[in-house]
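Working notes, beginning with the structure itself.
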Amino acid sequence: MSQSSNQPREQWASRVGFILAAMGSAVGLGNVWRFSYVAGENGGAAFLVIYIAMILLIGLPIVMAEFTIGRKGQSDAVGSFEKLSPGNERLAPGEPWKIAGIMGVASAFMILSFYGVIAGWILYYLLNYLTGNLWSAPTDGYGAFFGEFISGSFQPIVWQFIFMALTIGIVFVGVKKGIERANKILMPLLGILIIVLSVYGLTLGGASEGLAFLFSPDWSALANPNIYLAALGQAFFSLSLGMGALITYGSYLSSKESLPGAAASVATLDTLFAIIAGLMIFPAVFAFGIDPAAGPGLVFVVMPDVFDSFALGGIFGILFFFLLAAAALTSAVSLLEVAVAYFIRKFNWSRKQASLIVGGIIFLFGIPSALSQGVLAGVGFGDLDFIDSVDFIASNIFLPLGGLIIALFMGWGFKKADALKDSDFGNTVLGNLWLFLLRYVAPIGIIFVFLSSIGVFG
Ligand code: PFF
């Protein structure tokens, strides 16, 4: 799908192709790796309540806004704003809104830089399940195995490289050809696998504690202002929101499709994946005596214990890390696509050229993250190490800020009648509710969370 401006844009083969691609972008490491550790660090059930509220009131309306902007703009994250906002005597078209697109391209660089590192860890675990090495606990235990691997200087970079090469390869041949098929088969398989594993988790000794942790809120956790920023960042990250990924995917859509149904399906599926992943992980966390607030290594230390606890569990280990790697790949593709689509148009590069150059630079950007658990330990902001700092800045600041601008653009920058028409809502109650959320609830909510996280409310 090389498309300099005079070639027609490639389109998804079908409506299902688009929904699957958007789902493939949303469902990834965010649902399993990131959701579980962030929920674990922020009180479990109370976090989940805030998280779901943010998806409904802020996330879902902005998903709809991104789809609408992309389909109408028929361009990348920056170009869609340029096309859609008229400009006036003082401002060029796209100003000041396209700042959201530019921040989005920057977020894609940041997020993919560390996403590749974590996905590399997944590939390394896949290899160790394939060889049988992790089928039973190493002499010093799974935790020590993990610690030794991530603190190395060589292996984490090699695996990050392999994952990035796969991502670049898919974007190189074109998003559509590359991912529609994988999404159709592998994502449902991952869904089935985590359901099976969560049912198994309920038979473990930690089931009641795990369920209580995930579903019975300790409301005192709400007094901590950080939980709101963590939930907001997780909602944006998990929905692939706030950086134009869904604008870019929406731009490959023709105008026949109905967007609200697509947006609702993507948000529902994404949230279900996270909750079921929580059901798979938290009972096991308690059964094996692991601290739920153990941080980003949580899945990597819990799941091996699970696979070790039943006969031939290693086969499930292979499946789990394989399917998770595939899910990570379809998300990484959407991250790279945001930047690549922009560079293709802006510099008139070919798709192949843009994928190699942009992907290569992002790989290099990720190297400090790959080294952050070893030689670069101690480098970062405050108590966060390097990889967590990049994640924090991109996910908790850039994505919600991008989302804020997108909400204001759709809610206030668009004529109301156009917004209702272009979104396929029409002048319905639901359409008006959507605009109300975009105009007031989402912007005020995001600003409120930002202010509370810097201590404005005490
Ligand atoms: N939503 C993806 C996940 O949950 O793993 C990560 C992601 C993809 C974030 C694409 C942002 C994005 F634009």
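To be explicit about the labels: the chains of the structure tokens are called A, B, and onward in the order shown, and within each one the residues are counted from 1, while ligands get numbers from 1 in the order they are shown.
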Next item on the list: Please extract the residues at most 10 Å from ligand 1, counting only C-alpha atoms and all ligand atoms, and provide them as JSON, numbers by chain, using the chain letters and residue numbers of this document.
Entry: {"A": [22, 23, 24, 25, 26, 27, 28, 29, 30, 31, 32, 33, 34, 35, 104, 105, 107, 108, 111, 112, 115, 119, 234, 235, 236, 237, 238, 239, 240, 241, 242, 243, 244, 245, 246, 247, 248, 270, 271, 273, 274, 324, 327, 328, 329, 330, 331, 332, 333, 334, 335, 336, 337, 338, 394, 395, 399]}
Resulting file, chosen residues, C-alpha atoms, as a JSON list (two decimals), in the first residue's frame:
```json
[["chain", "number", "residue", "atom", "x", "y", "z"],
["A", 22, "ALA", "CA", -8.65, -2.12, 15.34],
["A", 23, "MET", "CA", -9.15, -4.97, 17.82],
["A", 24, "GLY", "CA", -5.73, -6.31, 16.94],
["A", 25, "SER", "CA", -4.27, -2.93, 17.75],
["A", 26, "ALA", "CA", -6.14, -2.65, 21.03],
["A", 27, "VAL", "CA", -5.56, -6.17, 22.33],
["A", 28, "GLY", "CA", -1.91, -6.66, 23.13],
["A", 29, "LEU", "CA", 0.59, -6.49, 25.95],
["A", 30, "GLY", "CA", -1.55, -3.73, 27.44],
["A", 31, "ASN", "CA", -4.29, -6.19, 28.34],
["A", 32, "VAL", "CA", -2.13, -8.85, 29.92],
["A", 33, "TRP", "CA", 1.26, -7.50, 30.93],
["A", 34, "ARG", "CA", 0.39, -3.86, 31.63],
["A", 35, "PHE", "CA", -3.15, -4.21, 32.95],
["A", 104, "GLY", "CA", 0.75, 11.17, 18.37],
["A", 105, "VAL", "CA", 3.67, 10.48, 16.07],
["A", 107, "SER", "CA", 4.01, 8.89, 21.21],
["A", 108, "ALA", "CA", 4.30, 6.15, 18.62],
["A", 111, "ILE", "CA", 5.64, 3.59, 23.05],
["A", 112, "LEU", "CA", 6.98, 1.30, 20.38],
["A", 115, "TYR", "CA", 6.90, -2.08, 23.63],
["A", 119, "ALA", "CA", 7.62, -8.07, 23.50],
["A", 234, "GLN", "CA", -4.04, 2.42, 31.16],
["A", 235, "ALA", "CA", -7.37, 3.15, 29.44],
["A", 236, "PHE", "CA", -5.64, 5.11, 26.69],
["A", 237, "PHE", "CA", -2.83, 2.64, 26.30],
["A", 238, "SER", "CA", -5.09, -0.37, 26.16],
["A", 239, "LEU", "CA", -7.53, 1.18, 23.69],
["A", 240, "SER", "CA", -4.64, 2.38, 21.46],
["A", 241, "LEU", "CA", -6.04, 5.82, 21.98],
["A", 242, "GLY", "CA", -4.89, 9.41, 21.90],
["A", 243, "MET", "CA", -2.10, 9.08, 19.37],
["A", 244, "GLY", "CA", -3.87, 8.71, 16.07],
["A", 245, "ALA", "CA", -3.53, 4.94, 15.67],
["A", 246, "LEU", "CA", -7.29, 4.70, 15.27],
["A", 247, "ILE", "CA", -7.33, 7.78, 13.04],
["A", 248, "THR", "CA", -4.79, 6.08, 10.80],
["A", 270, "ASP", "CA", -10.50, -4.90, 24.88],
["A", 271, "THR", "CA", -11.94, -4.52, 28.37],
["A", 273, "PHE", "CA", -9.57, -9.27, 27.56],
["A", 274, "ALA", "CA", -8.10, -7.27, 30.42],
["A", 324, "LEU", "CA", 0.75, -13.14, 23.32],
["A", 327, "ALA", "CA", -1.12, -10.06, 19.86],
["A", 328, "ALA", "CA", 1.82, -7.81, 20.64],
["A", 329, "LEU", "CA", 2.82, -7.88, 16.99],
["A", 330, "THR", "CA", -0.55, -6.67, 15.70],
["A", 331, "SER", "CA", -0.42, -3.84, 18.27],
["A", 332, "ALA", "CA", 3.15, -2.94, 17.40],
["A", 333, "VAL", "CA", 2.21, -2.83, 13.73],
["A", 334, "SER", "CA", -0.42, -0.20, 14.49],
["A", 335, "LEU", "CA", 2.12, 1.82, 16.46],
["A", 336, "LEU", "CA", 4.64, 1.75, 13.66],
["A", 337, "GLU", "CA", 1.94, 2.46, 11.10],
["A", 338, "VAL", "CA", 1.12, 5.81, 12.74],
["A", 394, "ALA", "CA", 3.95, 8.54, 26.79],
["A", 395, "SER", "CA", 1.01, 6.67, 28.30],
["A", 399, "LEU", "CA", -1.88, 9.94, 25.24]]
```
Notebook entry, point to check: Can you tell me, as a PyMOL selection string, what residues are no more than 10 Å from Leu404 (chain A) when counting only C-alpha atoms, ignoring any on the same chain fewer than 6 positions away?
Noted result: chain A and resi 58+62+100+242+398+438-439+442-447
For Gly169 (chain A), list every protein, DNA or RNA residue within 9 Å, evaluated using only C-alpha atoms, and leave out those in the same chain fewer than 4 positions away; present the list as a compact mmCIF listing (two decimals) with N, CA and C atoms, in the first residue's frame.
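File produced: part-v7.txt:
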```txt
# COMPACT_ATOMS: atom_id res chain seq x y z
N MET A 164 11.26 -6.27 16.66
CA MET A 164 11.13 -5.07 15.80
C MET A 164 11.28 -5.46 14.33
N ALA A 165 12.14 -6.41 14.04
CA ALA A 165 12.30 -6.84 12.65
C ALA A 165 10.99 -7.43 12.13
N VAL A 173 5.38 -4.74 4.06
CA VAL A 173 4.55 -5.29 2.98
C VAL A 173 3.16 -4.66 2.93
N GLY A 174 2.80 -3.90 3.96
CA GLY A 174 1.48 -3.24 3.92
C GLY A 174 0.60 -3.80 5.01
N GLY A 178 -0.71 -7.79 5.73
CA GLY A 178 0.03 -8.36 6.85
C GLY A 178 -0.82 -8.84 8.00
N SER A 355 9.23 2.30 6.39
CA SER A 355 9.20 1.27 7.44
C SER A 355 10.60 0.99 7.96
N LEU A 356 11.54 0.88 7.04
CA LEU A 356 12.90 0.54 7.47
C LEU A 356 13.53 1.66 8.29
```
Check: Leaving out Leu84 (chain A) and any residue of its chain fewer than 5 positions from it, which residues lie within 10 Å of it when counting only C-alpha atoms, given as a list in words?
Finding: Ile69, Gly70, Lys72, Gly73, Gln74, Gly79, Pro93, Gly94, Trp97, Lys98, Phe409, Gly413 and Phe414 of chain A
Margin query: Which residues are near Phe307 (chain A)? Cut-off 9 Å, only C-alpha atoms, ignore same chain within fewer than 3 positions. Put them as a ChimeraX atom specification.
Written below: /A:135-136,303-304,310-317
